[in-house]
>>> print(open('target_37.pdb').read())   # PDB, C-alpha atoms (C1' of nucleotides)
MODEL        1
ATOM      1  CA  MET K 180      -5.803 -31.506 -32.738  1.00  0.00           C
ATOM      2  CA  ALA K 181      -6.001 -31.432 -36.542  1.00  0.00           C
ATOM      3  CA  ARG K 182      -8.075 -28.231 -36.424  1.00  0.00           C
ATOM      4  CA  LYS K 183      -5.728 -26.390 -34.088  1.00  0.00           C
ATOM      5  CA  ALA K 184      -2.737 -27.462 -36.159  1.00  0.00           C
ATOM      6  CA  VAL K 185      -4.283 -25.456 -39.003  1.00  0.00           C
ATOM      7  CA  GLY K 186      -5.069 -22.543 -36.648  1.00  0.00           C
ATOM      8  CA  LEU K 187      -8.823 -22.341 -37.071  1.00  0.00           C
ATOM      9  CA  THR K 188     -11.603 -21.830 -34.526  1.00  0.00           C
ATOM     10  CA  GLN K 189     -14.547 -24.218 -34.496  1.00  0.00           C
ATOM     11  CA  GLN K 190     -16.718 -21.563 -36.120  1.00  0.00           C
ATOM     12  CA  GLN K 191     -14.150 -20.715 -38.782  1.00  0.00           C
ATOM     13  CA  LEU K 192     -13.766 -24.344 -39.740  1.00  0.00           C
ATOM     14  CA  GLY K 193     -17.519 -24.797 -39.935  1.00  0.00           C
ATOM     15  CA  MET K 194     -17.865 -21.765 -42.171  1.00  0.00           C
ATOM     16  CA  ARG K 195     -15.170 -23.073 -44.496  1.00  0.00           C
ATOM     17  CA  LEU K 196     -17.216 -26.238 -44.829  1.00  0.00           C
ATOM     18  CA  GLY K 197     -20.117 -24.144 -46.051  1.00  0.00           C
ATOM     19  CA  MET K 198     -22.084 -23.938 -42.826  1.00  0.00           C
ATOM     20  CA  ASP K 199     -24.264 -20.965 -41.914  1.00  0.00           C
ATOM     21  CA  PRO K 200     -22.103 -18.665 -39.718  1.00  0.00           C
ATOM     22  CA  ASN K 201     -24.918 -18.636 -37.142  1.00  0.00           C
ATOM     23  CA  THR K 202     -24.819 -22.397 -36.693  1.00  0.00           C
ATOM     24  CA  ALA K 203     -21.210 -23.293 -37.501  1.00  0.00           C
ATOM     25  CA  SER K 204     -19.932 -22.834 -33.939  1.00  0.00           C
ATOM     26  CA  ALA K 205     -22.559 -25.014 -32.260  1.00  0.00           C
ATOM     27  CA  ARG K 206     -22.406 -27.740 -34.875  1.00  0.00           C
ATOM     28  CA  MET K 207     -18.616 -28.034 -34.930  1.00  0.00           C
ATOM     29  CA  ASN K 208     -18.508 -28.073 -31.147  1.00  0.00           C
ATOM     30  CA  GLN K 209     -21.115 -30.822 -31.001  1.00  0.00           C
ATOM     31  CA  TYR K 210     -18.992 -32.848 -33.393  1.00  0.00           C
ATOM     32  CA  GLU K 211     -15.741 -32.344 -31.509  1.00  0.00           C
ATOM     33  CA  LYS K 212     -17.311 -33.099 -28.146  1.00  0.00           C
ATOM     34  CA  GLY K 213     -18.965 -36.202 -29.556  1.00  0.00           C
ATOM     35  CA  LYS K 214     -22.493 -34.936 -28.882  1.00  0.00           C
ATOM     36  CA  HIS K 215     -23.537 -35.475 -32.487  1.00  0.00           C
ATOM     37  CA  THR K 216     -22.039 -37.137 -35.557  1.00  0.00           C
ATOM     38  CA  PRO K 217     -21.614 -35.419 -38.932  1.00  0.00           C
ATOM     39  CA  ASP K 218     -22.607 -37.198 -42.122  1.00  0.00           C
ATOM     40  CA  TYR K 219     -19.892 -38.543 -44.377  1.00  0.00           C
ATOM     41  CA  GLN K 220     -19.964 -35.685 -46.906  1.00  0.00           C
ATOM     42  CA  THR K 221     -19.312 -33.203 -44.101  1.00  0.00           C
ATOM     43  CA  MET K 222     -16.548 -35.422 -42.754  1.00  0.00           C
ATOM     44  CA  LYS K 223     -14.871 -35.463 -46.165  1.00  0.00           C
ATOM     45  CA  ARG K 224     -14.959 -31.681 -46.384  1.00  0.00           C
ATOM     46  CA  VAL K 225     -13.372 -31.477 -42.920  1.00  0.00           C
ATOM     47  CA  ALA K 226     -10.618 -33.824 -44.070  1.00  0.00           C
ATOM     48  CA  VAL K 227      -9.894 -31.712 -47.163  1.00  0.00           C
ATOM     49  CA  GLU K 228      -9.894 -28.504 -45.123  1.00  0.00           C
ATOM     50  CA  LEU K 229      -7.522 -29.895 -42.513  1.00  0.00           C
ATOM     51  CA  GLY K 230      -5.276 -31.740 -44.928  1.00  0.00           C
ATOM     52  CA  VAL K 231      -5.687 -35.258 -43.574  1.00  0.00           C
ATOM     53  CA  PRO K 232      -7.135 -38.396 -45.188  1.00  0.00           C
ATOM     54  CA  VAL K 233     -10.790 -38.746 -44.192  1.00  0.00           C
ATOM     55  CA  ALA K 234     -10.068 -42.203 -42.755  1.00  0.00           C
ATOM     56  CA  TYR K 235      -7.925 -40.396 -40.157  1.00  0.00           C
ATOM     57  CA  PHE K 236     -11.079 -39.554 -38.236  1.00  0.00           C
ATOM     58  CA  TYR K 237     -12.190 -43.171 -38.142  1.00  0.00           C
ATOM     59  CA  CYS K 238      -8.958 -44.650 -36.782  1.00  0.00           C
ATOM     60  CA  GLU K 239      -9.433 -46.640 -33.628  1.00  0.00           C
ATOM     61  CA  ASP K 240      -6.076 -45.806 -32.088  1.00  0.00           C
ATOM     62  CA  ASP K 241      -3.883 -42.739 -32.361  1.00  0.00           C
ATOM     63  CA  LEU K 242      -0.868 -44.672 -33.581  1.00  0.00           C
ATOM     64  CA  LEU K 243      -2.661 -45.979 -36.659  1.00  0.00           C
ATOM     65  CA  ALA K 244      -4.017 -42.470 -37.285  1.00  0.00           C
ATOM     66  CA  GLU K 245      -0.542 -40.955 -37.207  1.00  0.00           C
ATOM     67  CA  ILE K 246       0.838 -43.633 -39.482  1.00  0.00           C
ATOM     68  CA  MET K 247      -1.937 -43.026 -41.973  1.00  0.00           C
ATOM     69  CA  CYS K 248      -1.272 -39.286 -42.070  1.00  0.00           C
ATOM     70  CA  ALA K 249       2.408 -39.934 -42.646  1.00  0.00           C
ATOM     71  CA  VAL K 250       1.729 -42.512 -45.335  1.00  0.00           C
ATOM     72  CA  ALA K 251      -0.787 -40.259 -47.118  1.00  0.00           C
ATOM     73  CA  LYS K 252       1.868 -37.576 -47.497  1.00  0.00           C
ATOM     74  CA  ARG K 253       4.192 -39.926 -49.415  1.00  0.00           C
ATOM     75  CA  SER K 254       4.120 -40.463 -53.166  1.00  0.00           C
ATOM     76  CA  LYS K 255       2.156 -43.276 -54.747  1.00  0.00           C
ATOM     77  CA  GLU K 256       5.444 -44.973 -55.631  1.00  0.00           C
ATOM     78  CA  GLU K 257       6.679 -44.904 -52.041  1.00  0.00           C
ATOM     79  CA  GLN K 258       3.302 -46.210 -50.889  1.00  0.00           C
ATOM     80  CA  GLN K 259       3.558 -49.094 -53.339  1.00  0.00           C
ATOM     81  CA  GLU K 260       6.984 -49.964 -51.964  1.00  0.00           C
ATOM     82  CA  LEU K 261       5.729 -49.767 -48.402  1.00  0.00           C
ATOM     83  CA  LEU K 262       2.804 -52.064 -49.146  1.00  0.00           C
ATOM     84  CA  ALA K 263       5.133 -54.546 -50.807  1.00  0.00           C
ATOM     85  CA  SER K 264       7.464 -54.634 -47.819  1.00  0.00           C
ATOM     86  CA  LEU K 265       4.554 -55.014 -45.413  1.00  0.00           C
ATOM     87  CA  THR K 266       2.918 -57.912 -47.249  1.00  0.00           C
ATOM     88  CA  LYS K 267       6.182 -59.699 -47.964  1.00  0.00           C
ATOM     89  CA  ALA K 268       7.647 -60.503 -44.562  1.00  0.00           C
TER      90      ALA K 268
ATOM     91  CA  MET P 125     -18.438 -57.660 -52.461  1.00  0.00           C
ATOM     92  CA  ALA P 126     -16.816 -58.048 -49.037  1.00  0.00           C
ATOM     93  CA  ARG P 127     -19.982 -59.595 -47.636  1.00  0.00           C
ATOM     94  CA  LYS P 128     -20.304 -62.127 -50.422  1.00  0.00           C
ATOM     95  CA  ALA P 129     -16.628 -63.031 -50.107  1.00  0.00           C
ATOM     96  CA  VAL P 130     -17.436 -64.166 -46.583  1.00  0.00           C
ATOM     97  CA  GLY P 131     -20.516 -65.995 -47.853  1.00  0.00           C
ATOM     98  CA  LEU P 132     -23.210 -64.215 -45.862  1.00  0.00           C
ATOM     99  CA  THR P 133     -26.635 -62.916 -46.875  1.00  0.00           C
ATOM    100  CA  GLN P 134     -27.591 -59.374 -45.989  1.00  0.00           C
ATOM    101  CA  GLN P 135     -29.810 -60.687 -43.213  1.00  0.00           C
ATOM    102  CA  GLN P 136     -27.146 -63.026 -41.840  1.00  0.00           C
ATOM    103  CA  LEU P 137     -24.575 -60.250 -41.673  1.00  0.00           C
ATOM    104  CA  GLY P 138     -27.053 -57.955 -39.968  1.00  0.00           C
ATOM    105  CA  MET P 139     -27.863 -60.610 -37.398  1.00  0.00           C
ATOM    106  CA  ARG P 140     -24.175 -61.148 -36.677  1.00  0.00           C
ATOM    107  CA  LEU P 141     -23.953 -57.429 -35.949  1.00  0.00           C
ATOM    108  CA  GLY P 142     -26.628 -57.876 -33.304  1.00  0.00           C
ATOM    109  CA  MET P 143     -29.627 -56.708 -35.298  1.00  0.00           C
ATOM    110  CA  ASP P 144     -33.127 -58.035 -34.739  1.00  0.00           C
ATOM    111  CA  PRO P 145     -33.665 -60.833 -37.314  1.00  0.00           C
ATOM    112  CA  ASN P 146     -36.907 -59.121 -38.361  1.00  0.00           C
ATOM    113  CA  THR P 147     -35.133 -55.925 -39.346  1.00  0.00           C
ATOM    114  CA  ALA P 148     -31.647 -57.087 -40.319  1.00  0.00           C
ATOM    115  CA  SER P 149     -32.508 -57.723 -43.965  1.00  0.00           C
ATOM    116  CA  ALA P 150     -34.112 -54.337 -44.624  1.00  0.00           C
ATOM    117  CA  ARG P 151     -31.440 -52.386 -42.764  1.00  0.00           C
ATOM    118  CA  MET P 152     -28.466 -54.059 -44.374  1.00  0.00           C
ATOM    119  CA  ASN P 153     -30.040 -53.652 -47.788  1.00  0.00           C
ATOM    120  CA  GLN P 154     -30.633 -49.958 -47.182  1.00  0.00           C
ATOM    121  CA  TYR P 155     -26.982 -49.587 -46.231  1.00  0.00           C
ATOM    122  CA  GLU P 156     -25.642 -51.501 -49.223  1.00  0.00           C
ATOM    123  CA  LYS P 157     -27.896 -49.655 -51.657  1.00  0.00           C
ATOM    124  CA  GLY P 158     -26.914 -46.328 -50.127  1.00  0.00           C
ATOM    125  CA  LYS P 159     -30.471 -45.506 -49.030  1.00  0.00           C
ATOM    126  CA  HIS P 160     -29.388 -44.905 -45.444  1.00  0.00           C
ATOM    127  CA  THR P 161     -26.095 -44.643 -43.551  1.00  0.00           C
ATOM    128  CA  PRO P 162     -25.257 -46.769 -40.518  1.00  0.00           C
ATOM    129  CA  ASP P 163     -23.974 -45.113 -37.377  1.00  0.00           C
ATOM    130  CA  TYR P 164     -20.349 -45.526 -36.388  1.00  0.00           C
ATOM    131  CA  GLN P 165     -20.916 -48.279 -33.823  1.00  0.00           C
ATOM    132  CA  THR P 166     -22.608 -50.404 -36.475  1.00  0.00           C
ATOM    133  CA  MET P 167     -19.799 -49.680 -38.916  1.00  0.00           C
ATOM    134  CA  LYS P 168     -17.277 -50.864 -36.329  1.00  0.00           C
ATOM    135  CA  ARG P 169     -19.120 -54.134 -35.857  1.00  0.00           C
ATOM    136  CA  VAL P 170     -19.113 -54.659 -39.622  1.00  0.00           C
ATOM    137  CA  ALA P 171     -15.362 -54.101 -39.630  1.00  0.00           C
ATOM    138  CA  VAL P 172     -14.861 -56.678 -36.880  1.00  0.00           C
ATOM    139  CA  GLU P 173     -17.069 -59.170 -38.715  1.00  0.00           C
ATOM    140  CA  LEU P 174     -15.146 -58.748 -41.952  1.00  0.00           C
ATOM    141  CA  GLY P 175     -11.721 -58.561 -40.299  1.00  0.00           C
ATOM    142  CA  VAL P 176     -10.584 -55.103 -41.379  1.00  0.00           C
ATOM    143  CA  PRO P 177      -9.888 -51.856 -39.473  1.00  0.00           C
ATOM    144  CA  VAL P 178     -13.006 -49.692 -39.529  1.00  0.00           C
ATOM    145  CA  ALA P 179     -11.092 -46.867 -41.194  1.00  0.00           C
ATOM    146  CA  TYR P 180     -10.753 -49.214 -44.148  1.00  0.00           C
ATOM    147  CA  PHE P 181     -14.304 -48.341 -45.181  1.00  0.00           C
ATOM    148  CA  TYR P 182     -13.486 -44.639 -45.204  1.00  0.00           C
ATOM    149  CA  CYS P 183     -10.326 -44.808 -47.298  1.00  0.00           C
ATOM    150  CA  GLU P 184     -10.535 -42.694 -50.406  1.00  0.00           C
ATOM    151  CA  ASP P 185      -8.122 -44.731 -52.470  1.00  0.00           C
ATOM    152  CA  ASP P 186      -7.530 -48.476 -52.569  1.00  0.00           C
ATOM    153  CA  LEU P 187      -3.777 -48.268 -52.050  1.00  0.00           C
ATOM    154  CA  LEU P 188      -4.110 -46.470 -48.728  1.00  0.00           C
ATOM    155  CA  ALA P 189      -6.812 -48.974 -47.724  1.00  0.00           C
ATOM    156  CA  GLU P 190      -4.532 -51.913 -48.429  1.00  0.00           C
ATOM    157  CA  ILE P 191      -1.630 -50.350 -46.570  1.00  0.00           C
ATOM    158  CA  MET P 192      -3.836 -49.735 -43.577  1.00  0.00           C
ATOM    159  CA  CYS P 193      -4.991 -53.349 -43.478  1.00  0.00           C
ATOM    160  CA  ALA P 194      -1.387 -54.517 -43.620  1.00  0.00           C
ATOM    161  CA  VAL P 195      -0.231 -52.063 -40.945  1.00  0.00           C
ATOM    162  CA  ALA P 196      -3.128 -52.974 -38.635  1.00  0.00           C
ATOM    163  CA  LYS P 197      -1.984 -56.610 -38.648  1.00  0.00           C
ATOM    164  CA  ARG P 198       1.476 -55.676 -37.293  1.00  0.00           C
ATOM    165  CA  SER P 199       2.389 -55.363 -33.643  1.00  0.00           C
ATOM    166  CA  LYS P 200       2.340 -52.024 -31.842  1.00  0.00           C
ATOM    167  CA  GLU P 201       6.145 -52.136 -31.677  1.00  0.00           C
ATOM    168  CA  GLU P 202       6.471 -52.591 -35.420  1.00  0.00           C
ATOM    169  CA  GLN P 203       3.954 -49.802 -35.966  1.00  0.00           C
ATOM    170  CA  GLN P 204       6.022 -47.484 -33.754  1.00  0.00           C
ATOM    171  CA  GLU P 205       9.114 -48.253 -35.808  1.00  0.00           C
ATOM    172  CA  LEU P 206       7.247 -47.664 -39.042  1.00  0.00           C
ATOM    173  CA  LEU P 207       5.950 -44.282 -37.863  1.00  0.00           C
ATOM    174  CA  ALA P 208       9.453 -43.277 -36.807  1.00  0.00           C
ATOM    175  CA  SER P 209      10.920 -44.158 -40.174  1.00  0.00           C
ATOM    176  CA  LEU P 210       8.125 -42.325 -41.992  1.00  0.00           C
ATOM    177  CA  THR P 211       8.421 -39.095 -40.027  1.00  0.00           C
ATOM    178  CA  LYS P 212      12.219 -39.061 -40.018  1.00  0.00           C
ATOM    179  CA  ALA P 213      13.172 -38.820 -43.687  1.00  0.00           C
TER     180      ALA P 213
ATOM    181  C1'  DA B 188     -45.146 -73.025 -62.998  1.00  0.00           C
ATOM    182  C1'  DA B 189     -44.541 -73.185 -58.201  1.00  0.00           C
ATOM    183  C1'  DG B 190     -41.825 -72.823 -54.223  1.00  0.00           C
ATOM    184  C1'  DT B 191     -37.981 -71.021 -51.677  1.00  0.00           C
ATOM    185  C1'  DG B 192     -34.460 -67.926 -50.431  1.00  0.00           C
ATOM    186  C1'  DT B 193     -32.578 -63.516 -51.192  1.00  0.00           C
ATOM    187  C1'  DA B 194     -32.835 -58.831 -52.421  1.00  0.00           C
ATOM    188  C1'  DC B 195     -35.178 -54.871 -52.223  1.00  0.00           C
ATOM    189  C1'  DT B 196     -38.674 -50.888 -51.173  1.00  0.00           C
ATOM    190  C1'  DA B 197     -42.510 -47.415 -49.370  1.00  0.00           C
ATOM    191  C1'  DA B 198     -44.329 -45.398 -45.475  1.00  0.00           C
ATOM    192  C1'  DG B 199     -44.832 -44.148 -40.795  1.00  0.00           C
ATOM    193  C1'  DG B 200     -43.035 -44.138 -36.176  1.00  0.00           C
ATOM    194  C1'  DA B 201     -38.706 -43.650 -33.657  1.00  0.00           C
ATOM    195  C1'  DT B 202     -34.379 -41.497 -33.190  1.00  0.00           C
ATOM    196  C1'  DA B 203     -30.665 -38.361 -33.864  1.00  0.00           C
ATOM    197  C1'  DA B 204     -29.016 -34.021 -35.912  1.00  0.00           C
ATOM    198  C1'  DC B 205     -29.578 -28.907 -36.672  1.00  0.00           C
ATOM    199  C1'  DT B 206     -30.931 -24.404 -35.105  1.00  0.00           C
ATOM    200  C1'  DT B 207     -31.681 -21.100 -31.669  1.00  0.00           C
ATOM    201  C1'  DA B 208     -30.429 -18.640 -27.903  1.00  0.00           C
ATOM    202  C1'  DG B 209     -28.010 -18.404 -24.841  1.00  0.00           C
ATOM    203  C1'  DT B 210     -23.986 -19.633 -20.645  1.00  0.00           C
ATOM    204  C1'  DT B 211     -19.310 -20.769 -19.498  1.00  0.00           C
ATOM    205  C1'  DT B 212     -14.494 -20.725 -20.245  1.00  0.00           C
ATOM    206  C1'  DT B 213     -10.202 -18.813 -21.787  1.00  0.00           C
ATOM    207  C1'  DC B 214      -6.899 -15.411 -22.088  1.00  0.00           C
ATOM    208  C1'  DA B 215      -4.779 -11.063 -23.145  1.00  0.00           C
ATOM    209  C1'  DA B 216      -4.782  -6.074 -21.867  1.00  0.00           C
ATOM    210  C1'  DG B 217      -5.176  -2.599 -18.382  1.00  0.00           C
TER     211       DG B 217
ATOM    212  C1'  DC C  44      -6.776  -8.908  -9.949  1.00  0.00           C
ATOM    213  C1'  DT C  45     -10.456  -7.200 -13.181  1.00  0.00           C
ATOM    214  C1'  DT C  46     -12.402  -6.528 -17.421  1.00  0.00           C
ATOM    215  C1'  DG C  47     -13.775  -7.515 -22.027  1.00  0.00           C
ATOM    216  C1'  DA C  48     -13.978 -10.123 -25.937  1.00  0.00           C
ATOM    217  C1'  DA C  49     -13.198 -14.263 -28.370  1.00  0.00           C
ATOM    218  C1'  DA C  50     -13.788 -19.005 -28.231  1.00  0.00           C
ATOM    219  C1'  DA C  51     -15.819 -23.007 -26.465  1.00  0.00           C
ATOM    220  C1'  DC C  52     -19.644 -25.114 -25.055  1.00  0.00           C
ATOM    221  C1'  DT C  53     -24.723 -26.500 -23.913  1.00  0.00           C
ATOM    222  C1'  DA C  54     -30.127 -27.241 -23.327  1.00  0.00           C
ATOM    223  C1'  DA C  55     -34.222 -27.457 -25.708  1.00  0.00           C
ATOM    224  C1'  DG C  56     -37.246 -27.440 -29.615  1.00  0.00           C
ATOM    225  C1'  DT C  57     -37.523 -28.179 -34.524  1.00  0.00           C
ATOM    226  C1'  DT C  58     -36.215 -30.618 -38.388  1.00  0.00           C
ATOM    227  C1'  DA C  59     -34.178 -34.236 -40.859  1.00  0.00           C
ATOM    228  C1'  DT C  60     -32.874 -39.005 -40.999  1.00  0.00           C
ATOM    229  C1'  DC C  61     -32.983 -43.683 -39.733  1.00  0.00           C
ATOM    230  C1'  DC C  62     -35.380 -48.002 -38.106  1.00  0.00           C
ATOM    231  C1'  DT C  63     -39.313 -50.944 -38.257  1.00  0.00           C
ATOM    232  C1'  DT C  64     -43.130 -52.858 -40.488  1.00  0.00           C
ATOM    233  C1'  DA C  65     -45.123 -55.098 -44.052  1.00  0.00           C
ATOM    234  C1'  DG C  66     -44.809 -56.422 -48.090  1.00  0.00           C
ATOM    235  C1'  DT C  67     -43.234 -56.830 -53.331  1.00  0.00           C
ATOM    236  C1'  DA C  68     -39.720 -58.210 -56.761  1.00  0.00           C
ATOM    237  C1'  DC C  69     -36.139 -61.039 -58.316  1.00  0.00           C
ATOM    238  C1'  DA C  70     -33.234 -65.387 -58.876  1.00  0.00           C
ATOM    239  C1'  DC C  71     -32.898 -70.038 -58.918  1.00  0.00           C
ATOM    240  C1'  DT C  72     -34.212 -74.817 -58.334  1.00  0.00           C
ATOM    241  C1'  DT C  73     -37.401 -78.543 -58.895  1.00  0.00           C
TER     242       DT C  73
ENDMDL
END
>>> encode(input="target_37.pdb", output="structure tokens")
Amino acid sequence: MARKAVGLTQQQLGMRLGMDPNTASARMNQYEKGKHTPDYQTMKRVAVELGVPVAYFYCEDDLLAEIMCAVAKRSKEEQQELLASLTKA
Amino acid sequence: MARKAVGLTQQQLGMRLGMDPNTASARMNQYEKGKHTPDYQTMKRVAVELGVPVAYFYCEDDLLAEIMCAVAKRSKEEQQELLASLTKA
DNA sequence: AAGTGTACTAAGGATAACTTAGTTTTCAAG
DNA sequence: CTTGAAAACTAAGTTATCCTTAGTACACTT
């Protein structure tokens, strides 16, 4: 979903991460289909490329993932306020 | 730091994750020292054992990590409301 | 100084990822 | 509908990484 939102093919995304064009397609597909797991450095580059916090990919449920994306877009000040309101009540 | 806060040795934590007692010490040490990286299933069990969402370990900055912990403790209904308020304005 | 518990490490066997070489699916144009 | 090309996807072998073994090093108490 995050990849398509940016309008990239699996191969294109892989190439932007620095993968060999010959292997980018297979590798990215294996990741998306859950056949294999990328290492953390690769995951971080994916996050940067797609404009989401890397933790997005490790969220258990979609709701928490969406919230995190929304929170990450806010300023540090707004995040501080949010944290305060969450820990208070 | 998180492990010691709970008062567990490397071996004890590993055993609580379901590791063989004979290998728990070496494996956990390799993870903590950064020699090797645990797979995602193991990481999830660590999260459960330490009482944080697994994405917590993948947060780039501490503020986002804290917010996520606080959000994860709220009900699904409250999370829905939060997401709505974040995506609205 | 010795004993005990904890932390840590090298090396080889076990396991999972990466590369290769494709096939299958999707979808727009004719 | 059929074709063609782009995109998605996959099996199998090679390569890279982790897990296990076996043990050493460190910290702390007696």
>>> resolve_selection(input="target_37.pdb", expression="the PyMOL selection byres ((chain C) within 9 of (chain K))", output="list in words")
DA50, DA51, DC52 and DT53 of chain C
>>> atom_distance(input="target_37.pdb", atom1="CA of Gly138 (chain P)", atom2="CA of Arg151 (chain P)")
7.6 Å
>>> interface_residues(input="target_37.pdb", of="chain K", to="chain B", cutoff="12 Å", atoms="only C-alpha atoms (C1' of nucleotides)", output="list in words")
Met198, Asp199, Pro200, Asn201, Thr202, Ala203, Ser204, Ala205, Arg206, Met207, Gln209, Tyr210, Lys214, His215, Thr216, Pro217 and Asp218 of chain K
>>> atom_distance(input="target_37.pdb", atom1="CA of Thr211 (chain P)", atom2="CA of Cys248 (chain K)")
9.9 Å
>>> closest_residue(input="target_37.pdb", among="K:Leu196, K:Ala234, K:Lys255, K:Ala244", to="chain P", atoms="all atoms listed in the file")
K:Ala234
>>> decode(input="target_37.pdb", residues="region 138-186 of chain P", atoms="C-alpha atoms", output="compact mmCIF listing (two decimals), in the first residue's frame")
# COMPACT_ATOMS: atom_id res chain seq x y z
CA GLY P 138 16.01 -15.96 26.31
CA MET P 139 14.42 -18.86 28.14
CA ARG P 140 11.22 -16.88 28.65
CA LEU P 141 11.13 -16.38 24.89
CA GLY P 142 11.14 -20.15 24.48
CA MET P 143 14.82 -20.65 23.73
CA ASP P 144 16.72 -23.78 24.69
CA PRO P 145 18.44 -23.04 28.04
CA ASN P 146 21.73 -24.23 26.51
CA THR P 147 21.63 -21.60 23.78
CA ALA P 148 19.65 -18.76 25.33
CA SER P 149 22.67 -17.04 26.88
CA ALA P 150 24.78 -16.96 23.71
CA ARG P 151 21.90 -15.90 21.47
CA MET P 152 20.64 -13.10 23.66
CA ASN P 153 24.17 -11.81 24.10
CA GLN P 154 24.74 -11.81 20.35
CA TYR P 155 21.55 -9.80 19.93
CA GLU P 156 22.36 -7.27 22.64
CA LYS P 157 25.91 -6.79 21.39
CA GLY P 158 24.67 -6.39 17.83
CA LYS P 159 26.57 -9.45 16.57
CA HIS P 160 23.43 -10.98 15.09
CA THR P 161 19.83 -9.89 14.50
CA PRO P 162 16.83 -11.82 15.78
CA ASP P 163 14.01 -12.67 13.41
CA TYR P 164 10.69 -10.89 13.73
CA GLN P 165 8.91 -13.64 15.67
CA THR P 166 11.61 -13.51 18.34
CA MET P 167 11.40 -9.72 18.43
CA LYS P 168 7.65 -9.97 19.01
CA ARG P 169 8.14 -12.31 21.94
CA VAL P 170 10.64 -9.88 23.45
CA ALA P 171 8.07 -7.12 23.10
CA VAL P 172 5.43 -9.20 24.87
CA GLU P 173 7.88 -10.07 27.65
CA LEU P 174 8.80 -6.44 28.20
CA GLY P 175 5.26 -5.11 27.76
CA VAL P 176 5.72 -2.80 24.77
CA PRO P 177 4.42 -2.88 21.18
CA VAL P 178 7.00 -4.54 18.95
CA ALA P 179 7.22 -1.44 16.77
CA TYR P 180 8.65 0.27 19.83
CA PHE P 181 12.01 -1.33 19.09
CA TYR P 182 12.01 0.09 15.57
CA CYS P 183 11.18 3.68 16.46
CA GLU P 184 13.79 6.11 15.24
CA ASP P 185 13.18 8.74 17.87
CA ASP P 186 12.26 8.39 21.53
